[in-house]
Amino acid sequence: MKRIEKILRDCDALLEGHFVLTSGRHAAFYMQCARVLQNPELTEEIVGDYLCDEGELDLDNIQMVVAPAVGGIVLGYELARQLGVKSIFCERENGKMTLRRGFEIPAGTKVLVAEDVVTTGGSVREVMEVVRASGGEVVAVALLVDRSGGTVDFGVKTVAAYQTTIESYEPDNCPLCEEGELPAIKPGSRGQR
């Protein structure tokens with residue numbers, strides 16, 4: 001964990017301020033995992049040393065990796081590369097997570113869902129629904145960062161390279177909003193850059 005935390009800090013992936021998360025909740029910290037995933041060597045190290053080699057995943061039971069766009073694509077691809085399986089991704093169409101670009105999940109396929117960072121796990125759950133609706137079986141979830149401190153439950157084996165608890169607030173009950181010193185910004189793929 002200390003190595004991962006050092007990587008996150010060295011890459012400026014851990015931001016401090018007043019943020020609106022993908023879930024709509026507010027937080028004083030934001031994990032910009034793309035700052036880490038832009039580096040192929042670090043991504044390879046994290047996946048190999050912290051997700052694949054920890055012995056927590058049944059690697060022989062994974063036939064495909066599926067990730068939500070945009071955040072999970074790079075992590076999902078590197079997981080699939082190291083596992084020797086296909087990597088595909090889901091994306092939103094009219095606000096609903098779906099498979100596009102001719103991607104298919106054959107019935108009975110054992111799937112690992114990959115995501116860069118979770119707070120509430122909403123995007124992961126949406127991808128899991130797409131996998132199941134396609135006839136696939138979600139066997140595990142792999143995360144770069146679990147912001148929930150391990151409280152998020154997907155009902156399958158879940159591994160995270162880095163786990164932390166970063167408090168988040170409903171917008172109506174946000175102490176950062178009450179202070180009024182910093183405007184809430186929405187970094188990442190669905191907001192400001």
# chains A, B, ... in the order shown; residues from 1 in each chain; ligands from 1
>>> residues_around(residues="region 33-35 of chain A", least_positions_apart="5", cutoff="12 Å", atoms="only C-alpha atoms", output="ChimeraX atom specification")
/A:4-5,7-15,40,42-43,46,70-75,115-118,143-147,161-162,187-189,193
>>> residues_around(residues="Val66 (chain A)", least_positions_apart="2", cutoff="7 Å", atoms="only C-alpha atoms", output="PyMOL selection string")
chain A and resi 64+76+87-89+111-114
>>> closest_residue(among="A:Arg101, A:Leu79, A:Gly149, A:Glu178", to="Leu59 (chain A)", atoms="only C-alpha atoms")
A:Leu79
